[in-house]
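Okay, start_27.txt now, which holds compact mmCIF, C-alpha atoms and all ligand atoms:
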```
# COMPACT_ATOMS: atom_id res chain seq x y z
CA MET A 1 -15.80 -22.16 18.77
CA HIS A 2 -16.33 -24.69 15.99
CA THR A 3 -14.67 -23.61 12.73
CA GLU A 4 -16.84 -24.62 9.77
CA ARG A 5 -15.15 -25.57 6.49
CA PHE A 6 -16.95 -24.28 3.42
CA GLN A 7 -16.43 -25.59 -0.09
CA THR A 8 -16.53 -23.27 -3.07
CA ASN A 9 -20.21 -24.09 -3.70
CA GLN A 10 -21.00 -22.62 -0.26
CA ILE A 11 -19.79 -19.06 -0.89
CA GLN A 12 -23.21 -17.63 0.01
CA THR A 13 -23.11 -19.21 3.49
CA ALA A 14 -19.61 -17.80 4.07
CA ALA A 15 -20.79 -14.38 2.85
CA ASP A 16 -23.81 -14.48 5.19
CA LEU A 17 -21.52 -15.16 8.16
CA LEU A 18 -19.34 -12.18 7.22
CA ARG A 19 -22.41 -9.95 6.96
CA ALA A 20 -23.50 -11.21 10.37
CA GLY A 21 -20.24 -10.00 11.96
CA GLU A 22 -18.39 -13.34 12.11
CA LEU A 23 -14.82 -14.08 10.96
CA VAL A 24 -14.34 -16.14 7.80
CA ALA A 25 -10.98 -16.94 6.17
CA PHE A 26 -10.91 -17.06 2.38
CA PRO A 27 -8.46 -17.62 -0.49
CA THR A 28 -7.01 -14.78 -2.55
CA GLU A 29 -4.38 -14.76 -5.30
CA THR A 30 -1.75 -13.46 -2.86
CA VAL A 31 -2.34 -15.28 0.47
CA TYR A 32 -5.41 -16.42 2.44
CA GLY A 33 -7.18 -13.55 4.23
CA LEU A 34 -9.08 -13.48 7.52
CA GLY A 35 -12.18 -11.39 6.82
CA ALA A 36 -14.59 -9.33 8.87
CA ASN A 37 -17.25 -6.79 7.91
CA ALA A 38 -15.18 -3.58 7.71
CA LEU A 39 -18.17 -1.43 8.71
CA ASN A 40 -18.65 -3.34 11.98
CA ALA A 41 -16.11 -2.39 14.68
CA ASP A 42 -17.03 -5.38 16.88
CA ALA A 43 -16.47 -7.81 14.01
CA VAL A 44 -13.13 -6.15 13.21
CA SER A 45 -11.99 -6.36 16.84
CA LYS A 46 -12.39 -10.16 16.65
CA ILE A 47 -9.66 -10.25 13.98
CA PHE A 48 -7.09 -8.83 16.39
CA ILE A 49 -8.07 -11.35 19.06
CA ALA A 50 -8.11 -14.39 16.74
CA LYS A 51 -4.69 -13.52 15.26
CA GLY A 52 -3.07 -12.15 18.41
CA ARG A 53 -2.37 -9.10 16.30
CA PRO A 54 -1.11 -5.82 17.84
CA SER A 55 -3.97 -3.31 17.63
CA ASP A 56 -1.70 -0.60 16.19
CA ASN A 57 -1.27 -2.59 12.94
CA PRO A 58 -3.98 -1.48 10.49
CA LEU A 59 -5.95 -3.78 8.16
CA ILE A 60 -6.51 -3.78 4.41
CA VAL A 61 -10.11 -3.25 3.25
CA HIS A 62 -11.11 -5.51 0.34
CA ILE A 63 -13.66 -4.58 -2.32
CA TRP A 64 -14.90 -6.22 -5.50
CA ASP A 65 -16.17 -3.09 -7.25
CA ARG A 66 -15.17 0.57 -7.44
CA SER A 67 -18.71 1.62 -6.54
CA GLN A 68 -17.81 0.63 -2.95
CA LEU A 69 -15.00 3.20 -2.73
CA PRO A 70 -16.99 6.33 -1.75
CA MET A 71 -18.11 4.53 1.41
CA ILE A 72 -14.48 3.89 2.37
CA VAL A 73 -12.36 6.78 1.10
CA ARG A 74 -12.72 10.57 1.26
CA ASP A 75 -11.00 11.25 -2.01
CA ILE A 76 -9.36 9.45 -4.96
CA PRO A 77 -6.09 11.26 -5.73
CA PRO A 78 -5.08 11.29 -9.45
CA ILE A 79 -2.11 8.94 -8.93
CA ALA A 80 -4.34 6.47 -7.08
CA LEU A 81 -6.74 6.49 -10.02
CA GLU A 82 -3.91 5.71 -12.45
CA TRP A 83 -2.76 2.83 -10.25
CA MET A 84 -6.32 1.49 -9.98
CA ASN A 85 -6.64 1.58 -13.78
CA ALA A 86 -3.33 -0.25 -14.22
CA PHE A 87 -3.38 -2.81 -11.40
CA TRP A 88 -6.92 -3.47 -10.14
CA PRO A 89 -8.09 -6.11 -9.72
CA GLY A 90 -4.78 -7.51 -8.48
CA ALA A 91 -1.98 -7.50 -5.95
CA LEU A 92 -1.75 -3.76 -5.31
CA THR A 93 -3.08 -2.21 -2.09
CA ILE A 94 -3.47 1.57 -2.29
CA VAL A 95 -3.51 3.95 0.70
CA PHE A 96 -6.32 6.57 0.56
CA PRO A 97 -7.61 9.34 2.83
CA LYS A 98 -10.10 7.56 5.12
CA ASN A 99 -13.84 8.08 5.20
CA ALA A 100 -15.47 8.36 8.66
CA ALA A 101 -17.72 5.33 7.95
CA ILE A 102 -14.71 3.06 8.45
CA PRO A 103 -14.22 2.31 12.17
CA ASP A 104 -10.96 3.44 13.75
CA ASN A 105 -9.88 -0.09 14.68
CA VAL A 106 -9.65 -1.00 10.96
CA THR A 107 -6.99 1.66 10.43
CA ALA A 108 -5.46 1.62 13.92
CA GLY A 109 -6.51 5.23 14.33
CA LEU A 110 -4.79 6.43 11.14
CA ASP A 111 -6.40 9.04 8.93
CA THR A 112 -5.74 6.79 5.92
CA VAL A 113 -7.18 3.48 4.82
CA ALA A 114 -5.54 0.78 2.68
CA VAL A 115 -7.80 -0.72 -0.02
CA ARG A 116 -7.34 -3.70 -2.33
CA MET A 117 -9.47 -5.22 -5.09
CA PRO A 118 -8.42 -8.88 -5.41
CA SER A 119 -8.50 -10.69 -8.76
CA HIS A 120 -9.22 -14.23 -7.53
CA PRO A 121 -12.68 -15.23 -8.82
CA ILE A 122 -13.71 -16.90 -5.54
CA THR A 123 -12.63 -13.86 -3.51
CA ARG A 124 -14.54 -11.59 -5.86
CA GLU A 125 -17.68 -13.68 -5.63
CA LEU A 126 -17.45 -13.75 -1.83
CA LEU A 127 -16.98 -9.97 -1.68
CA GLN A 128 -19.86 -9.42 -4.07
CA ARG A 129 -22.22 -11.68 -2.13
CA ALA A 130 -21.19 -10.19 1.23
CA ASN A 131 -21.83 -6.77 -0.32
CA VAL A 132 -19.97 -4.96 2.46
CA PRO A 133 -16.28 -4.00 2.39
CA ILE A 134 -14.23 -6.72 4.09
CA ALA A 135 -11.27 -5.95 6.35
CA ALA A 136 -8.75 -8.77 6.10
CA PRO A 137 -5.17 -9.36 7.20
CA SER A 138 -3.34 -12.54 6.23
CA ALA A 139 -5.04 -15.57 7.84
CA ASN A 140 -2.21 -16.66 10.13
CA ARG A 141 -1.45 -16.22 13.82
CA SER A 142 0.47 -12.96 14.20
CA GLY A 143 4.20 -13.41 13.56
CA LYS A 144 3.84 -16.79 11.80
CA PRO A 145 4.36 -17.48 8.09
CA SER A 146 1.35 -16.28 6.08
CA ALA A 147 -1.20 -18.96 5.15
CA THR A 148 -1.25 -19.90 1.48
CA THR A 149 -3.45 -23.03 1.86
CA TRP A 150 -6.70 -23.61 3.75
CA GLN A 151 -4.89 -26.29 5.75
CA ALA A 152 -2.41 -23.66 7.00
CA VAL A 153 -5.33 -21.44 8.01
CA ALA A 154 -6.88 -24.36 9.91
CA GLU A 155 -3.53 -25.07 11.61
CA ASP A 156 -3.34 -21.51 12.97
CA LEU A 157 -6.96 -20.46 13.47
CA SER A 158 -9.18 -23.53 14.02
CA GLY A 159 -11.39 -22.94 17.04
CA ARG A 160 -10.83 -19.17 16.82
CA ILE A 161 -12.94 -18.23 13.77
CA ALA A 162 -16.39 -19.10 12.41
CA GLY A 163 -15.33 -20.53 9.07
CA ILE A 164 -12.79 -21.18 6.35
CA LEU A 165 -13.71 -20.99 2.68
CA CYS A 166 -11.51 -23.74 1.26
CA GLY A 167 -9.97 -23.04 -2.14
CA GLN A 168 -6.72 -23.89 -3.92
CA SER A 169 -3.26 -22.74 -2.78
CA SER A 170 -2.61 -19.05 -3.36
CA GLU A 171 -1.02 -18.51 -6.75
CA ILE A 172 1.38 -15.67 -5.89
CA GLY A 173 2.05 -16.85 -2.34
CA ILE A 174 3.29 -13.46 -1.10
CA GLU A 175 1.12 -10.54 0.01
CA SER A 176 0.10 -7.54 -2.05
CA THR A 177 2.29 -4.50 -2.58
CA VAL A 178 1.16 -1.68 -0.27
CA ALA A 179 1.81 1.75 -1.81
CA ASP A 180 0.96 5.29 -0.78
CA PRO A 181 0.29 7.76 -3.64
CA ASN A 182 -0.23 10.64 -1.19
CA LEU A 183 3.41 10.79 -0.11
CA ASN A 184 5.80 13.03 -1.97
CA PRO A 185 7.32 11.21 -3.76
CA PRO A 186 4.83 8.33 -3.83
CA ARG A 187 6.26 5.26 -2.14
CA ILE A 188 5.95 1.51 -1.78
CA LEU A 189 5.47 0.75 1.92
CA ARG A 190 5.56 -3.02 1.57
CA PRO A 191 6.91 -4.81 -1.52
CA GLY A 192 4.63 -7.52 -2.91
CA GLY A 193 2.98 -8.99 -5.96
CA VAL A 194 3.21 -5.78 -8.04
CA THR A 195 6.82 -4.70 -8.59
CA LEU A 196 8.49 -1.30 -8.23
CA LEU A 197 9.28 -1.40 -11.96
CA GLN A 198 5.62 -1.96 -12.83
CA LEU A 199 4.59 1.01 -10.68
CA GLN A 200 7.37 3.17 -12.12
CA ARG A 201 6.02 2.55 -15.62
CA ILE A 202 2.88 4.40 -14.51
CA THR A 203 4.46 6.85 -12.03
CA PRO A 204 8.19 7.29 -12.75
CA ASN A 205 9.09 8.88 -9.39
CA VAL A 206 7.69 6.11 -7.16
CA GLN A 207 10.22 5.13 -4.51
CA GLY A 208 10.88 1.62 -3.22
CA PRO A 209 10.37 0.72 0.42
CA SER A 210 12.85 1.77 3.06
CA LEU A 211 14.86 -1.27 4.10
CA ALA A 212 14.21 -0.94 7.83
CA VAL A 213 13.53 -4.34 9.38
CA ALA A 214 12.63 -5.04 12.99
CA THR A 215 15.42 -6.69 14.96
CA SER A 216 13.45 -7.87 17.96
CA SER A 217 9.93 -9.11 18.62
CA GLU A 218 9.19 -5.73 20.13
CA SER A 219 8.36 -2.68 18.09
CA GLN A 220 11.24 -0.82 16.51
CA SER A 221 11.92 2.80 17.33
CA SER A 222 12.66 3.88 13.76
CA GLU A 223 10.63 6.97 12.85
CA ASN A 224 10.01 6.74 9.15
CA LEU A 225 8.06 3.50 8.90
CA ASN A 226 4.92 4.65 7.15
CA SER A 227 3.37 1.17 7.15
CA PRO A 228 2.89 0.38 10.82
CA GLY A 229 2.96 -3.40 10.32
CA LEU A 230 6.57 -3.28 9.18
CA LYS A 231 7.92 -2.67 12.68
CA TYR A 232 6.86 -6.14 13.85
CA ARG A 233 8.54 -9.45 13.29
CA HIS A 234 6.73 -11.46 10.66
CA TYR A 235 6.64 -14.71 8.75
CA GLN A 236 8.62 -16.78 11.25
CA PRO A 237 8.37 -20.56 11.53
CA ARG A 238 9.63 -22.26 14.71
CA ALA A 239 12.74 -23.28 12.74
CA ARG A 240 15.57 -20.76 12.57
CA VAL A 241 15.68 -19.17 9.13
CA GLN A 242 19.10 -18.46 7.69
CA LEU A 243 19.69 -16.61 4.44
CA ILE A 244 22.50 -17.85 2.25
CA ALA A 245 24.05 -16.19 -0.79
CA ILE A 246 22.82 -16.80 -4.31
CA ASP A 247 25.79 -19.05 -5.17
CA GLU A 248 26.00 -20.77 -1.79
CA ALA A 249 23.55 -23.66 -2.02
CA GLY A 250 26.01 -26.09 -0.43
CA GLN A 251 28.80 -24.11 1.17
CA GLN A 252 27.41 -23.27 4.61
CA SER A 253 30.21 -23.76 7.11
CA THR A 254 27.71 -24.12 9.94
CA PHE A 255 25.87 -26.96 8.21
CA SER A 256 24.67 -29.32 10.93
CA GLY A 257 22.99 -32.17 9.11
CA ASN A 258 19.50 -31.60 10.52
CA ALA A 259 18.64 -28.69 8.29
CA ALA A 260 16.28 -27.93 5.42
CA TYR A 261 16.95 -26.00 2.24
CA ILE A 262 14.77 -23.94 -0.07
CA GLY A 263 16.05 -22.10 -3.11
CA LEU A 264 16.78 -22.29 -6.79
CA GLY A 265 19.64 -24.77 -6.34
CA PRO A 266 21.55 -26.54 -7.59
CA ILE A 267 22.46 -28.47 -4.46
CA PRO A 268 26.02 -29.81 -4.91
CA PRO A 269 26.37 -33.61 -5.09
CA GLY A 270 27.05 -35.06 -1.65
CA ARG A 271 25.28 -32.28 0.20
CA MET A 272 22.49 -33.83 2.28
CA TYR A 273 19.57 -31.94 3.73
CA ALA A 274 16.88 -33.45 5.94
CA SER A 275 14.44 -31.85 3.49
CA ALA A 276 15.01 -29.75 0.39
CA LYS A 277 12.82 -27.77 -1.96
CA VAL A 278 14.48 -26.80 -5.22
CA CYS A 279 12.28 -24.32 -7.08
CA SER A 280 12.38 -23.87 -10.83
CA SER A 281 11.80 -20.10 -10.74
CA VAL A 282 11.62 -17.13 -8.38
CA ASP A 283 7.84 -17.13 -8.86
CA GLU A 284 7.62 -20.75 -7.74
CA TYR A 285 9.95 -20.00 -4.78
CA ALA A 286 7.68 -17.14 -3.69
CA ALA A 287 4.57 -19.26 -4.16
CA CYS A 288 5.75 -22.09 -1.91
CA VAL A 289 8.08 -20.53 0.68
CA PHE A 290 5.51 -19.93 3.44
CA GLU A 291 4.06 -23.43 3.05
CA TYR A 292 7.58 -24.87 3.09
CA PHE A 293 8.33 -23.07 6.37
CA ARG A 294 5.26 -24.77 7.84
CA GLU A 295 6.35 -28.13 6.41
CA VAL A 296 9.79 -27.75 8.03
CA ASP A 297 8.06 -27.19 11.38
CA ARG A 298 5.81 -30.23 10.88
CA LEU A 299 8.96 -32.28 10.25
CA GLY A 300 10.56 -30.88 13.40
CA ILE A 301 13.63 -29.60 11.54
CA PRO A 302 15.24 -26.80 13.58
CA LEU A 303 16.99 -24.85 10.80
CA VAL A 304 16.08 -23.85 7.26
CA TYR A 305 18.54 -22.34 4.81
CA CYS A 306 16.96 -19.99 2.28
CA GLN A 307 18.90 -19.13 -0.83
CA SER A 308 18.88 -15.43 -1.72
CA VAL A 309 17.53 -14.32 -5.09
CA GLY A 310 17.97 -11.21 -7.24
CA ASP A 311 15.63 -8.23 -7.12
CA GLY A 312 13.87 -8.93 -10.43
CA GLY A 313 10.12 -9.54 -10.54
CA VAL A 314 8.69 -10.81 -7.26
CA GLY A 315 12.31 -11.34 -6.05
CA ALA A 316 12.35 -8.04 -4.12
CA ALA A 317 9.22 -9.01 -2.20
CA LEU A 318 10.51 -12.54 -1.59
CA MET A 319 13.81 -11.17 -0.22
CA ASP A 320 11.87 -8.78 2.02
CA ARG A 321 9.95 -11.73 3.52
CA LEU A 322 13.08 -13.89 3.87
CA ARG A 323 14.95 -11.07 5.61
CA ARG A 324 12.11 -10.56 8.06
CA ALA A 325 11.79 -14.28 8.71
CA SER A 326 15.52 -14.63 9.20
CA THR A 327 17.03 -14.42 12.66
CA SER A 328 20.36 -13.27 11.26
CA ILE A 329 19.18 -9.76 10.36
CA SER A 330 21.82 -7.16 11.08
CA PRO A 331 20.47 -4.08 12.84
O1 LIG B 1 -2.13 -9.67 -0.06
C1 LIG B 1 -2.49 -9.09 0.96
O2 LIG B 1 -2.29 -7.87 1.12
C2 LIG B 1 -3.21 -9.91 2.04
C3 LIG B 1 -4.52 -10.41 1.46
C4 LIG B 1 -5.38 -11.10 2.49
O3 LIG B 1 -5.21 -9.36 0.83
N1 LIG B 1 -3.42 -9.12 3.23
C5 LIG B 1 -2.38 -8.78 4.06
O4 LIG B 1 -2.76 -8.09 5.19
O5 LIG B 1 -1.24 -9.04 3.83
P1 LIG B 1 -1.78 -7.85 6.45
O6 LIG B 1 -2.67 -7.32 7.51
O7 LIG B 1 -1.05 -9.08 6.76
O8 LIG B 1 -0.84 -6.70 6.00
C6 LIG B 1 -1.36 -5.38 5.80
C7 LIG B 1 -0.24 -4.40 5.63
C8 LIG B 1 0.49 -4.14 6.92
O9 LIG B 1 1.88 -4.00 6.66
C9 LIG B 1 -0.14 -2.81 7.38
O10 LIG B 1 0.70 -2.08 8.24
C10 LIG B 1 -0.34 -2.12 6.05
O11 LIG B 1 -0.79 -3.15 5.18
N2 LIG B 1 -1.38 -1.07 6.14
C11 LIG B 1 -2.70 -1.25 6.36
N3 LIG B 1 -3.34 -0.06 6.40
C12 LIG B 1 -2.41 0.89 6.19
C13 LIG B 1 -2.45 2.32 6.12
N4 LIG B 1 -3.57 3.00 6.29
N5 LIG B 1 -1.28 2.96 5.88
C14 LIG B 1 -0.15 2.27 5.72
N6 LIG B 1 -0.04 0.93 5.77
C15 LIG B 1 -1.17 0.24 6.02
MG MG B 2 0.31 -10.51 7.54
```
Here is a file; write its structure as structure tokens.
Ligand code: TXA
Ligand code: MG
Amino acid sequence: MHTERFQTNQIQTAADLLRAGELVAFPTETVYGLGANALNADAVSKIFIAKGRPSDNPLIVHIWDRSQLPMIVRDIPPIALEWMNAFWPGALTIVFPKNAAIPDNVTAGLDTVAVRMPSHPITRELLQRANVPIAAPSANRSGKPSATTWQAVAEDLSGRIAGILCGQSSEIGIESTVADPNLNPPRILRPGGVTLLQLQRITPNVQGPSLAVATSSESQSSENLNSPGLKYRHYQPRARVQLIAIDEAGQQSTFSGNAAYIGLGPIPPGRMYASAKVCSSVDEYAACVFEYFREVDRLGIPLVYCQSVGDGGVGAALMDRLRRASTSISP
């Protein structure tokens, strides 16, 4: 299949393809998404094939306007409404009771559906012109680092999808926060662009995510993973990812010479990396980490050290991604 590249003056063509049941990748403020018409089960099934995604991992449904919600959800619980008022449009995905109009393959058979209203103007225009809810996971091959540039999407999915809407790099660079207001207490299932603290300002008893992380490429047996995607390995470049402590930019005893580094630095004088990315803030680190993983692979470097960061701001979500990408996760 030829994968067409659309510029941002061709949003209507991309929207028409989505309406017609084809797959189109598009930019959002978090990461690039791989979209399909969420009301069309055949279109949605193509997502799982193109990504190599396990079919028990449900998708997020994207909307541009609240008037689309009744088609997707059975009910809007009061906490969900408060979260929508505070964080939509933006990087919060909310879990709702599912409406029957949404095919079962979108939600992997669950009785709930995850919905997000992105803030990126190009995403919003695409969603408006498509005028159907759009199911979209991150636009990467399953298990790989998420795509935050159209070039990364092309690298993973060229020949497998109908088109890519080419925009700028994703500003946040890490996926949305997935939270479930129907649990008691309400809980973050996946940390992301909206922080626990921000949610707690609206709903004081919201809980953070459980720290369970898969330790093999197979599914994990742990019972209480409410977000099915969390049991799979994610975000991994070919290079081995090794977390290092906050104050350890140059002290790795295993340092081999052919390694890369990403973190806040400073890198001690005399310490040589084959490639290094020193970020000026946690936000910048989050925004570029997935693209840097891909760069390390392009350079053929077999090992990348990632400096740990504190939990503030997007730090918790960044650490979640680094832990999952890392091969040195303890069970
Ligand atoms: O920022 C994002 O969220 C990006 C952009 C494209 O919007 N999308 C994204 O999708 O990250 P994906 O498929 O890579 O991750 C979706 C996550 C998975 O962890 C999945 O298990 C969870 O959302 N999820 C989806 N539906 C769910 C549901 N009904 N209940 C619980 N978790 C759900
Ligand atoms: Mg993903």
Quiz item: With only C-alpha atoms and all ligand atoms as the basis for distance, which of A:Val115, A:Ile122, A:Ala147, A:Leu127 is at the shortest distance from ligand MG 2 (chain B)?
Solution: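 Using only C-alpha atoms and all ligand atoms, the shortest distance to ligand MG 2 (chain B) belongs to A:Ala147.
When atom CA of Phe290 of chain A is paired with atom CA of Ser142 of chain A, their separation reads 13.8 Å.
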Practice problem: For ligand LIG 1 (chain B), collect every residue having any atom at a distance of at most 7 Å from a ligand atom (counting all atoms listed in the file); output as a ChimeraX atom specification. | Solution: /A:28,30-34,57-60,91,93,95,107,110,112-114,116,136-139,174-178,189-190,226-230
Quiz item: Between A:Gln242, A:Gln10, A:Asn105, A:Thr195, which one has atoms that come closest to Phe26 of chain A, using only C-alpha atoms?
Solution: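 So, comparing all the options, the nearest one is A:Gln10.
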Quiz prompt | Proximity to ligand MG 2 (chain B) - best of A:Tyr235, A:Tyr273, A:Trp88, A:Phe6, all atoms listed in the file | solution = A:Tyr235
Exercise. Kindly give the distance, in Å, that separates atom CA of Gly167 of chain A and atom CA of Lys144 of chain A, rounded to a single decimal.
Key: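 Rounded to one decimal, the two atoms are 20.6 Å apart.
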Quiz item: If you count only C-alpha atoms, which residues fall within 12 Å of Gly310 of chain A, apart from same-chain ones fewer than 3 positions away, as number ranges by chain?
Solution: A: 245-247, 263-264, 281-283, 307, 313-320
Quiz item: Which residue out of A:Arg66, A:Pro121, A:Gln236, A:Tyr292 has the minimum interatomic distance to ligand MG 2 (chain B) when only C-alpha atoms and all ligand atoms are used?
Solution: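 Looking at the shortest contact to ligand MG 2 (chain B), the residue is A:Gln236.
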Practice problem: Take the point (-24.3, -11.2, 3.7) as written in the file and pick out every residue within 8 Å of it, counting only C-alpha atoms; give the list as a PyMOL selection string. | Solution: chain A and resi 12+15-20+129-132
Could you pull out every residue with an atom within 7 Å of (-9.1, -2.7, 17.6), file coordinates, counting only C-alpha atoms, and send them as a PDB file with C-alpha atoms, keeping the file's coordinate frame?
```pdb
ATOM      1  CA  VAL A  44     -13.130  -6.150  13.210  1.00  0.00           C
ATOM      2  CA  SER A  45     -11.990  -6.360  16.840  1.00  0.00           C
ATOM      3  CA  PHE A  48      -7.090  -8.830  16.390  1.00  0.00           C
ATOM      4  CA  SER A  55      -3.970  -3.310  17.630  1.00  0.00           C
ATOM      5  CA  ASN A 105      -9.880  -0.090  14.680  1.00  0.00           C
ATOM      6  CA  VAL A 106      -9.650  -1.000  10.960  1.00  0.00           C
ATOM      7  CA  ALA A 108      -5.460   1.620  13.920  1.00  0.00           C
TER       8      ALA A 108
END
```
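Relative to atom CA of Val73 of chain A, atom CA of Ile94 of chain A is found at 10.8 Å.
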Exercise. Considering all atoms listed in the file, state which residue in the set A:Gly257, A:Arg321, A:Pro269, A:Gly193 is at the smallest distance from ligand MG 2 (chain B).
Key: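 Closest to ligand MG 2 (chain B), using all atoms listed in the file: A:Arg321.
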Practice problem: Quick one: everything within 8 Å of Phe293 of chain A, counting all atoms listed in the file, minus sequence neighbours fewer than 5 positions away in the same chain. Send it as number ranges by chain. | Solution: A: 145, 236-237, 239, 304
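Near Cys306 of chain A, within 9 Å and counting only C-alpha atoms, sit A:Val241, A:Gln242, A:Leu243, A:Ile244, A:Ala245, A:Ala249, A:Ala260, A:Tyr261, A:Ile262, A:Gly263, A:Leu322, A:Ser326, not including residues fewer than 5 positions from it in the same chain.
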Take the selection from the previous step and output its residues with C-alpha atoms, as a CSV table (one decimal), in the frame of the given file.
```csv
chain,number,residue,atom,x,y,z
A,241,VAL,CA,15.7,-19.2,9.1
A,242,GLN,CA,19.1,-18.5,7.7
A,243,LEU,CA,19.7,-16.6,4.4
A,244,ILE,CA,22.5,-17.8,2.2
A,245,ALA,CA,24.0,-16.2,-0.8
A,249,ALA,CA,23.6,-23.7,-2.0
A,260,ALA,CA,16.3,-27.9,5.4
A,261,TYR,CA,17.0,-26.0,2.2
A,262,ILE,CA,14.8,-23.9,-0.1
A,263,GLY,CA,16.0,-22.1,-3.1
A,322,LEU,CA,13.1,-13.9,3.9
A,326,SER,CA,15.5,-14.6,9.2
```
Exercise. Could you check which of A:His62, A:Arg294, A:Arg141, A:Lys46 is closest to ligand MG 2 (chain B), using only C-alpha atoms and all ligand atoms?
Key: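 For ligand MG 2 (chain B), the nearest of the candidates is A:Arg141.
Excluding Ile301 of chain A itself and any same-chain residue fewer than 2 positions from it, the protein and nucleic acid residues within 9 Å of it, counting only C-alpha atoms, are Arg238, Ala239, Asn258, Ala259, Ala260, Ala274, Ser275, Val296, Asp297, Arg298, Leu299, Leu303 and Val304 of chain A.
The protein and nucleic acid residues lying at most 8 Å from Met71 of chain A are Asn99, Ala101 and Ile102 of chain A, with only C-alpha atoms considered and sequence neighbours fewer than 6 positions away removed.
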At the level of all heavy atoms, write segment 106-111 of chain A to a file as a JSON list (two decimals), in the first residue's frame, please.
```json
[["chain", "number", "residue", "atom", "x", "y", "z"],
["A", 106, "VAL", "N", -12.96, -1.65, 19.33],
["A", 106, "VAL", "CA", -12.39, -0.38, 19.82],
["A", 106, "VAL", "C", -11.98, -0.53, 21.29],
["A", 106, "VAL", "O", -10.93, -0.06, 21.72],
["A", 106, "VAL", "CB", -13.39, 0.78, 19.68],
["A", 106, "VAL", "CG1", -12.88, 2.04, 20.37],
["A", 106, "VAL", "CG2", -13.70, 1.04, 18.21],
["A", 107, "THR", "N", -12.84, -1.20, 22.06],
["A", 107, "THR", "CA", -12.65, -1.25, 23.51],
["A", 107, "THR", "C", -12.15, -2.62, 23.98],
["A", 107, "THR", "O", -12.15, -2.89, 25.18],
["A", 107, "THR", "CB", -13.98, -0.93, 24.23],
["A", 107, "THR", "OG1", -14.95, -1.91, 23.84],
["A", 107, "THR", "CG2", -14.48, 0.46, 23.87],
["A", 108, "ALA", "N", -11.77, -3.46, 23.03],
["A", 108, "ALA", "CA", -11.29, -4.81, 23.35],
["A", 108, "ALA", "C", -12.31, -5.55, 24.22],
["A", 108, "ALA", "O", -11.95, -6.26, 25.16],
["A", 108, "ALA", "CB", -9.92, -4.74, 24.04],
["A", 109, "GLY", "N", -13.59, -5.33, 23.90],
["A", 109, "GLY", "CA", -14.64, -6.05, 24.61],
["A", 109, "GLY", "C", -15.02, -5.47, 25.96],
["A", 109, "GLY", "O", -15.94, -5.96, 26.61],
["A", 110, "LEU", "N", -14.35, -4.40, 26.39],
["A", 110, "LEU", "CA", -14.68, -3.81, 27.69],
["A", 110, "LEU", "C", -16.03, -3.10, 27.61],
["A", 110, "LEU", "O", -16.49, -2.72, 26.54],
["A", 110, "LEU", "CB", -13.61, -2.78, 28.11],
["A", 110, "LEU", "CG", -12.21, -3.29, 28.40],
["A", 110, "LEU", "CD1", -11.29, -2.12, 28.72],
["A", 110, "LEU", "CD2", -12.25, -4.26, 29.58],
["A", 111, "ASP", "N", -16.63, -2.90, 28.77],
["A", 111, "ASP", "CA", -17.89, -2.20, 28.88],
["A", 111, "ASP", "C", -17.67, -0.68, 29.02],
["A", 111, "ASP", "O", -18.60, 0.09, 29.20],
["A", 111, "ASP", "CB", -18.63, -2.74, 30.10],
["A", 111, "ASP", "CG", -20.09, -2.34, 30.08],
["A", 111, "ASP", "OD1", -20.64, -2.23, 28.96],
["A", 111, "ASP", "OD2", -20.64, -2.08, 31.17]]
```
